[in-house]
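Trainee: The structure's right below; bear with me while I get my questions together.
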Amino acid sequence: PHDYGCCYFLNMKTPEGGNLFMSCVSDLALESREFVLLLGRLEPTGLRIPGLIDTFQGVQADTKQIIGQVASDSERKGIFEDAIKLYDLAGNHEKVLGLMTTMLSQVVHQVNAPGSLRSRLQELADNIIMRYRGQQINSSPDTASSFFLLRELLTFYNQYHAKEYQQALETIAKTKLIPLALTEVEKRVNNFKRLSEEICRNIPGVLLATMSILYSQYNKQKGSSPSATTGRLEDKNLAYLREQARAITSFAGTVPYRMPGDTNSRLVQMEILMH
């Protein structure tokens, strides 16, 4: 539009002293939602396909700065999914992974219903991981670690809700977030102290889900009708499940975090029922 071009060439400023052209482009993008047309898009390879703003590049405003402005305005207005995609377009990995971590931490435990926020975020997370693979990630190690841990927890909860219990146990073991043996308790407690708040707040739910899996497997194993030759193997498996349950309650009672509500009592109750 003509007015936005005038803002650009006249090098006008906002009343606050900001770049009026960038502000105009941001307003236009947010109102029209023509992000691809105006700002470009990312290929699966990570290559950015230019948008209309590239016509103005190098005269007054840098393209990445403009996209970053639109992303910042989206975040400020609470349009977080758009903000994540726009920060990604601007190459700001720290903001991408930070916002993804914040958003995922709030929905990771939910059932993955089609079209839900959780479903959309999982798809976005997978796209991000695919594109970031093999390239330098420009974010702090802690931010990246929290994001990748939450992606693993998405898988864990998907398997848990689908009653794919053995796969879920393998997934949670791979994260090394909680102990599944008494010998792991101290190490997991020490590791917990280095976790971000987004991960910590999800640990109580992970403990309950994992204990529920162990309790279910215990009852299934105990309810089977073993022959004389398999009786000792069953006893060994039951003892192993009890040890895993004990590791979880020990961890929950030791970790320096206030567990919400009746988390500890529910964990202990399930462990007791396995004896």
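Chains: A, B, ... in order of the structure tokens. Residues: from 1 per chain. Ligands: from 1, in order shown.
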Might you pull out every residue within 10 Å of Leu39 in chain A, with only C-alpha atoms counted and same-chain residues fewer than 5 positions away left off, and present them as a list in words?
Mentor: Val25, Ser26, Ala29, Glu34, Arg48, Ile49, Pro50, Gly51, Leu52, Ile53, Asp54, Thr63, Lys64, Ile66, Ile67, Val70, Leu86, Leu89 and Ala90 of chain A
Trainee: From the options A:Leu273, A:Cys200, A:Ile178, A:Ala162, which residue's atoms come nearest to Ile248 in chain A, counting only C-alpha atoms?
Mentor: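 Closest to Ile248 in chain A, using only C-alpha atoms: A:Ile178.
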Trainee: Excluding Met270 in chain A and residues on its chain fewer than 2 positions from it, collect all residues at most 8 Å away from it, counting only C-alpha atoms, and give them as a ChimeraX atom specification.
Mentor: /A:211-212,215,266-268,272-274
Trainee: Mind dumping the selected residues with C-alpha atoms as a PDB file, in the first residue's frame?
Mentor:
```pdb
ATOM      1  CA  MET A 211       3.094 -45.410  38.834  1.00  0.00           C
ATOM      2  CA  SER A 212      -0.299 -46.086  37.256  1.00  0.00           C
ATOM      3  CA  TYR A 215       0.318 -50.800  39.044  1.00  0.00           C
ATOM      4  CA  ARG A 266      -1.642 -41.468  45.786  1.00  0.00           C
ATOM      5  CA  LEU A 267       1.820 -42.699  44.860  1.00  0.00           C
ATOM      6  CA  VAL A 268       2.283 -44.402  48.228  1.00  0.00           C
ATOM      7  CA  ILE A 272       1.257 -50.388  48.977  1.00  0.00           C
ATOM      8  CA  LEU A 273      -1.328 -52.118  46.792  1.00  0.00           C
ATOM      9  CA  MET A 274       1.536 -53.811  44.951  1.00  0.00           C
TER      10      MET A 274
END
```
Trainee: Could you tell me how far CA of Lys193 in chain A lies from CA of Leu154 in chain A, in Å and to one decimal?
Mentor: 21.8 Å
Trainee: Of the candidates A:Asn127, A:Gln244, A:Ser23, A:Gln136, which one gets nearest to Glu94 in chain A if we count only C-alpha atoms?
Mentor: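 Result for the nearest residue to Glu94 in chain A: A:Gln136.
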Trainee: So which residues of range 41-103 of chain A fall under alpha helix (DSSP H) by DSSP, listed as a PyMOL selection string?
Mentor: chain A and resi 63-76+80-89+93-103
Trainee: Residues within 9 Å of Leu104 in chain A, please, as an MDAnalysis selection string. Count only C-alpha atoms; anything in the same chain fewer than 4 positions from it doesn't count.
Mentor: chainID A and resid 99:100 108 118 121:122 147 150:151 154 198
Trainee: Record the distance separating CA of Gly98 in chain A and CA of Thr175 in chain A, expressed in Å with one decimal.
Mentor: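 Atom-to-atom, CA of Gly98 in chain A and CA of Thr175 in chain A are spaced 19.1 Å apart.
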Trainee: Which is closest to Glu243 in chain A among A:Asp82, A:Glu271, A:Asp27, A:Glu197, if we use only C-alpha atoms?
Mentor: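 Checking each of A:Asp82, A:Glu271, A:Asp27, A:Glu197 against Glu243 in chain A, counting only C-alpha atoms, the winner is A:Glu271.
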Trainee: Enter the distance from CA of Ser146 in chain A to CA of Leu97 in chain A, in Å, rounded to one decimal.
Mentor: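 So the two atoms, CA of Ser146 in chain A and CA of Leu97 in chain A, lie 8.4 Å apart.
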Trainee: Could you pull the residues within 9 Å of Gln106 in chain A, counting only C-alpha atoms, minus those fewer than 3 positions along the same chain, as a list of chain:residue names?
Mentor: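 Skipping anything fewer than 3 positions along the chain leaves A:Thr101, A:Thr102, A:Met103, A:His109, A:Gln110, A:Arg118, A:Glu198, A:Asn202.
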Trainee: Pull N, CA and C atoms from the residues just selected and write them as an mmCIF file, in the first residue's frame.
Mentor:
```cif
data_model
loop_
_atom_site.group_PDB
_atom_site.id
_atom_site.type_symbol
_atom_site.label_atom_id
_atom_site.label_comp_id
_atom_site.auth_asym_id
_atom_site.auth_seq_id
_atom_site.Cartn_x
_atom_site.Cartn_y
_atom_site.Cartn_z
ATOM 1 N N THR A 101 8.432 -24.279 24.692
ATOM 2 C CA THR A 101 8.540 -24.915 26.002
ATOM 3 C C THR A 101 7.428 -24.452 26.931
ATOM 4 N N THR A 102 7.188 -23.140 26.948
ATOM 5 C CA THR A 102 6.122 -22.596 27.790
ATOM 6 C C THR A 102 4.764 -23.163 27.403
ATOM 7 N N MET A 103 4.490 -23.208 26.100
ATOM 8 C CA MET A 103 3.192 -23.689 25.619
ATOM 9 C C MET A 103 3.036 -25.196 25.844
ATOM 10 N N HIS A 109 0.368 -33.143 29.100
ATOM 11 C CA HIS A 109 -0.289 -34.273 29.760
ATOM 12 C C HIS A 109 -1.645 -34.621 29.158
ATOM 13 N N GLN A 110 -2.176 -33.777 28.284
ATOM 14 C CA GLN A 110 -3.525 -33.968 27.763
ATOM 15 C C GLN A 110 -3.582 -35.058 26.692
ATOM 16 N N ARG A 118 -2.793 -28.940 21.722
ATOM 17 C CA ARG A 118 -1.710 -29.903 21.928
ATOM 18 C C ARG A 118 -1.307 -30.558 20.616
ATOM 19 N N GLU A 198 9.384 -25.309 33.785
ATOM 20 C CA GLU A 198 8.418 -25.930 32.872
ATOM 21 C C GLU A 198 8.466 -27.457 32.956
ATOM 22 N N ASN A 202 5.778 -30.515 35.605
ATOM 23 C CA ASN A 202 5.170 -31.690 34.982
ATOM 24 C C ASN A 202 5.601 -33.005 35.625
#
```
Trainee: Which residues come within 12 Å of Pro256 in chain A, counting only C-alpha atoms, excluding same-chain residues fewer than 6 positions away, as a PyMOL selection string?
Mentor: chain A and resi 186+188-195+200+203
Trainee: Between A:Leu117, A:Val111, A:Leu208, A:Cys24, single out the one closest to Thr155 in chain A, counting only C-alpha atoms.
Mentor: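 Nearest candidate to Thr155 in chain A out of A:Leu117, A:Val111, A:Leu208, A:Cys24: A:Val111.
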Trainee: Residues within 12 Å of Ile213 in chain A, please, as a PyMOL selection string. Count only C-alpha atoms; anything in the same chain fewer than 4 positions from it doesn't count.
Mentor: chain A and resi 156-157+159-170+172+206-209+217-220+241-242+244-245+248+267+270-271+274
Trainee: Check the smallest atom-to-atom distance from each of A:Pro204, A:Leu20, A:Arg133, A:Gly78 to Thr249 in chain A using only C-alpha atoms, then report the winner.
Mentor: A:Pro204
